[in-house]
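Student: Have a look at this one.
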Amino acid sequence: MSQSRVLVAGGSGRLGQMVLDQLLHAGAPDIIATTRTPQKLDAYASLGIDVRHADLDDPQTLSNAFQDADHLLLISTNDLSSGKRIQQHKNAIAAAKRAGVRRILYTSMPEPEASTAIPFSAEHVATERAIRESGLRYTILRVAWYAENPIELGLIPAALQTGTWLSSATNGRIAYVTRYDVARAAAAALASSVEESQTYEITGPAAMSAGELAASLSRTVGRPIQVREVDDETLGRELVSSGVLPQLAPMIVTTDANTRAGNFESISNAVLQLTGTPPRDFESFLRENKTRLLADAAH
């Protein structure tokens, strides 16, 4: 374990807190967490983490917040307002350079240059470019689609209610990875003493089609789930009819379009390489969440 001081920017989010948990578990000696809402990290402050206020919309808050950090993990923000996220990221990169940070890590997405069906892919492309042009050493973590997303976006609850998995992805595949495994990989990369710049594909152990996902779900809950292939327009309309929130349906449609184009199917051993332990497969993740899934199905 490196004795360098590590910083998690966006430490109060779900991934950020999981990274902090991993760093604490590994015995990282000197951890900084920044957030707009420091009170959300009071429990971590009591464990010795240096919790600091930082607002990526306000560059004046960042130089002091990033002071004395050697390695900084920038977790991509969830603000999808047009152009806002890239400015937040550029503010953080500039402040990291001013503060003397030696290496910046960033959570990107798979093949952002090719993923034009995803509206925010251009923001990841621009952020990666800004990091490379900053002169800082870097580690880019291109994170596959979360295994949690089909639950959190309402896809699995809808399928359990209707018995049908709606898809426009045809034979496209996704290498689902759990948020927990992403946190393990990010914490390991952040605490590493490796100095050269690198890009990792953070994926699960296998890429799954909609049919394979539906079969895994069927085995887990003990009821049949059939795949129904539709076009993008029908998918968006019928997702909402099946109970998916209207504001989430467009993201699912663009994800299926990107999957259909083959941009989410690559598999890597980066999680194993970084952590020494392989990532969980999707069906194991479903089994671990079976109680939650069955509760969703009962509603």
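Simple scheme: letters A, B, ... for chains in structure tokens order, numbers from 1 for residues in each chain, numbers from 1 for ligands in the order shown.
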Got a sec: who's within 6 Å of range 9-17 of chain A, counting only C-alpha atoms, leaving out chain neighbours fewer than 3 positions off, as a PyMOL selection string?
Tutor: chain A and resi 20+33-35+73-75
Student: Grab the residues selected above and save them as a compact mmCIF listing (two decimals), in the first residue's frame with N, CA and C atoms.
Tutor:
```txt
# COMPACT_ATOMS: atom_id res chain seq x y z
N LEU A 20 -14.64 4.69 -0.23
CA LEU A 20 -14.11 5.00 1.10
C LEU A 20 -14.10 3.76 1.99
N ALA A 33 -11.85 13.02 1.71
CA ALA A 33 -13.09 12.92 0.94
C ALA A 33 -13.67 14.31 0.78
N THR A 34 -14.03 14.67 -0.43
CA THR A 34 -14.65 15.97 -0.65
C THR A 34 -16.09 15.79 -1.12
N THR A 35 -16.93 16.76 -0.76
CA THR A 35 -18.34 16.69 -1.07
C THR A 35 -18.97 18.05 -0.89
N LEU A 73 -9.30 10.73 -7.02
CA LEU A 73 -10.32 10.03 -7.80
C LEU A 73 -11.48 10.99 -8.05
N LEU A 74 -11.69 11.31 -9.32
CA LEU A 74 -12.81 12.15 -9.74
C LEU A 74 -13.93 11.24 -10.22
N ILE A 75 -14.96 11.11 -9.42
CA ILE A 75 -16.13 10.32 -9.81
C ILE A 75 -17.02 11.21 -10.66
```
Student: Based on the backbone DSSP call, show me all residues of range 51-277 of chain A assigned alpha helix (DSSP H), as a PyMOL selection string.
Tutor: chain A and resi 62-65+84-99+121-133+149-152+155-162+179-191+210-221+232-241+249-260+270-275
Student: Produce a table with one row for each residue of range 176-276 of chain A that has an atom at most 8 Å from any atom of range 141-164 of chain A, each row naming the nearest atom pair and its distance in Å at one decimal; use only C-alpha atoms; arrange rows by chain and rising residue number; format as a tab-separated table.
Tutor:
```
residue	atom	partner	partner_atom	distance
A:Tyr176	CA	A:Ala147	CA	4.9
A:Val177	CA	A:Tyr146	CA	5.1
A:Thr178	CA	A:Ala147	CA	4.9
A:Arg179	CA	A:Tyr146	CA	6.1
A:Val182	CA	A:Val143	CA	7.3
A:Ala186	CA	A:Leu141	CA	7.6
A:Thr199	CA	A:Leu141	CA	6.1
A:Tyr200	CA	A:Leu141	CA	5.1
A:Glu201	CA	A:Arg142	CA	4.8
A:Ile202	CA	A:Val143	CA	4.7
A:Thr203	CA	A:Ala144	CA	5.2
A:Gly204	CA	A:Ala144	CA	7.6
A:Pro224	CA	A:Gly163	CA	6.5
A:Ile225	CA	A:Gly163	CA	4.7
A:Gln226	CA	A:Thr164	CA	4.8
A:Val227	CA	A:Thr164	CA	5.7
A:Arg228	CA	A:Thr164	CA	6.5
A:Leu239	CA	A:Ala158	CA	7.8
A:Ser242	CA	A:Ala158	CA	5.7
A:Gly243	CA	A:Ala158	CA	6.0
A:Val244	CA	A:Gly154	CA	5.2
A:Leu245	CA	A:Gly154	CA	7.4
A:Leu248	CA	A:Leu153	CA	6.4
A:Ile252	CA	A:Leu153	CA	7.9
A:Phe264	CA	A:Ala144	CA	6.8
```
Student: Please produce a file of the residues just selected, as a JSON list (two decimals), in the first residue's frame, where the atoms kept are N, CA and C atoms.
Tutor:
```
[["chain", "number", "residue", "atom", "x", "y", "z"],
["A", 176, "TYR", "N", -22.12, -6.53, -17.60],
["A", 176, "TYR", "CA", -22.54, -5.92, -16.35],
["A", 176, "TYR", "C", -21.51, -6.10, -15.24],
["A", 177, "VAL", "N", -21.29, -5.03, -14.49],
["A", 177, "VAL", "CA", -20.37, -5.08, -13.35],
["A", 177, "VAL", "C", -21.06, -4.45, -12.15],
["A", 178, "THR", "N", -20.88, -5.04, -10.98],
["A", 178, "THR", "CA", -21.52, -4.50, -9.79],
["A", 178, "THR", "C", -20.82, -3.23, -9.32],
["A", 179, "ARG", "N", -21.59, -2.38, -8.69],
["A", 179, "ARG", "CA", -21.01, -1.15, -8.14],
["A", 179, "ARG", "C", -19.95, -1.48, -7.10],
["A", 182, "VAL", "N", -16.76, -2.21, -8.88],
["A", 182, "VAL", "CA", -16.19, -0.95, -9.37],
["A", 182, "VAL", "C", -15.48, -0.23, -8.22],
["A", 186, "ALA", "N", -11.63, 0.75, -8.11],
["A", 186, "ALA", "CA", -11.25, 2.15, -8.00],
["A", 186, "ALA", "C", -10.37, 2.39, -6.78],
["A", 199, "THR", "N", -5.23, 3.19, -18.83],
["A", 199, "THR", "CA", -6.67, 3.14, -19.02],
["A", 199, "THR", "C", -7.12, 1.70, -18.81],
["A", 200, "TYR", "N", -8.12, 1.51, -17.96],
["A", 200, "TYR", "CA", -8.66, 0.19, -17.67],
["A", 200, "TYR", "C", -10.13, 0.10, -18.09],
["A", 201, "GLU", "N", -10.52, -1.05, -18.61],
["A", 201, "GLU", "CA", -11.93, -1.36, -18.84],
["A", 201, "GLU", "C", -12.41, -2.14, -17.61],
["A", 202, "ILE", "N", -13.33, -1.54, -16.86],
["A", 202, "ILE", "CA", -13.83, -2.17, -15.63],
["A", 202, "ILE", "C", -15.14, -2.87, -15.96],
["A", 203, "THR", "N", -15.09, -4.19, -16.12],
["A", 203, "THR", "CA", -16.26, -4.94, -16.56],
["A", 203, "THR", "C", -16.52, -6.12, -15.64],
["A", 204, "GLY", "N", -17.69, -6.72, -15.84],
["A", 204, "GLY", "CA", -17.96, -8.00, -15.22],
["A", 204, "GLY", "C", -17.26, -9.11, -15.97],
["A", 224, "PRO", "N", -41.24, -17.63, -15.25],
["A", 224, "PRO", "CA", -40.77, -17.38, -16.62],
["A", 224, "PRO", "C", -40.75, -15.89, -16.96],
["A", 225, "ILE", "N", -39.66, -15.47, -17.62],
["A", 225, "ILE", "CA", -39.54, -14.12, -18.16],
["A", 225, "ILE", "C", -39.20, -14.27, -19.64],
["A", 226, "GLN", "N", -40.05, -13.76, -20.50],
["A", 226, "GLN", "CA", -39.85, -13.87, -21.93],
["A", 226, "GLN", "C", -39.31, -12.55, -22.49],
["A", 227, "VAL", "N", -38.42, -12.64, -23.47],
["A", 227, "VAL", "CA", -37.91, -11.44, -24.14],
["A", 227, "VAL", "C", -38.83, -11.11, -25.32],
["A", 228, "ARG", "N", -39.17, -9.84, -25.41],
["A", 228, "ARG", "CA", -39.94, -9.36, -26.56],
["A", 228, "ARG", "C", -39.13, -8.28, -27.26],
["A", 239, "LEU", "N", -42.13, 0.78, -22.23],
["A", 239, "LEU", "CA", -41.48, 0.81, -20.91],
["A", 239, "LEU", "C", -42.29, 1.65, -19.93],
["A", 242, "SER", "N", -45.34, -0.07, -18.83],
["A", 242, "SER", "CA", -45.10, -1.18, -17.90],
["A", 242, "SER", "C", -44.66, -0.72, -16.52],
["A", 243, "GLY", "N", -44.51, 0.60, -16.34],
["A", 243, "GLY", "CA", -44.20, 1.11, -15.01],
["A", 243, "GLY", "C", -42.87, 1.81, -14.86],
["A", 244, "VAL", "N", -42.04, 1.85, -15.91],
["A", 244, "VAL", "CA", -40.78, 2.58, -15.85],
["A", 244, "VAL", "C", -41.07, 4.08, -15.85],
["A", 245, "LEU", "N", -40.34, 4.82, -15.03],
["A", 245, "LEU", "CA", -40.56, 6.27, -14.95],
["A", 245, "LEU", "C", -40.29, 6.93, -16.30],
["A", 248, "LEU", "N", -36.83, 8.09, -17.16],
["A", 248, "LEU", "CA", -35.78, 7.08, -17.28],
["A", 248, "LEU", "C", -35.84, 6.30, -18.58],
["A", 252, "ILE", "N", -32.84, 4.17, -21.13],
["A", 252, "ILE", "CA", -32.86, 2.75, -21.44],
["A", 252, "ILE", "C", -32.86, 2.54, -22.96],
["A", 264, "PHE", "N", -20.98, -2.15, -25.60],
["A", 264, "PHE", "CA", -20.95, -2.52, -24.19],
["A", 264, "PHE", "C", -20.51, -3.96, -23.97]]
```
Student: Hey, what's within 6 Å of Arg36 in chain A if we count only C-alpha atoms and toss same-chain stuff fewer than 6 positions away? As a list in words, please?
Tutor: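 Contacts, with the query itself left out: His53, Ala54 and Asp55 of chain A.
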Student: Given only C-alpha atoms as the basis, pick out the residue of A:Ala191, A:Leu217, A:Ala114, A:Ala45 nearest to Glu288 in chain A.
Tutor: A:Leu217
Student: Would you mind telling me which residue in A:Ala207, A:Ala169, A:Leu41, A:Leu293 lies nearest to Thr220 in chain A when using only C-alpha atoms?
Tutor: A:Leu293
Student: When distances are computed from only C-alpha atoms, which of A:Ile104, A:Ala187, A:Ala94, A:Ala206 shows the smallest separation from Ala28 in chain A?
Tutor: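 Once distances to Ala28 in chain A are computed over only C-alpha atoms, the minimum belongs to A:Ala187.
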Student: Could you name the residues that touch Ala65 in chain A at 12 Å or less, counting only C-alpha atoms, but leaving out those on the same chain fewer than 4 positions away, as a ChimeraX atom specification?
Tutor: /A:7-10,32-36,38,50-56,58-61,69,72,92,95-96,98-101
Student: Can you list, as a list in words, every protein, DNA or RNA residue that comes within 6 Å of range 273-285 of chain A when you count only C-alpha atoms, leaving out same-chain residues fewer than 6 positions away?
Tutor: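 These residues fall inside the cut-off: Asp181, Ala185, Ala188, Gly204, Pro205 and Ser216 of chain A.
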Student: What are the DSSP strand (DSSP E or B) residues of range 150-203 of chain A, as a PyMOL selection string?
Tutor: chain A and resi 164-167+174+177+198-202
Student: So which residues touch Glu265 in chain A within 8 Å, counting only C-alpha atoms, skipping near sequence neighbours fewer than 3 positions away, as a list in words?
Tutor: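 Answer for this query is Gly172, Arg173, Ile174, Ala175, Ala207, Met208, Thr259 and Gly262 of chain A.
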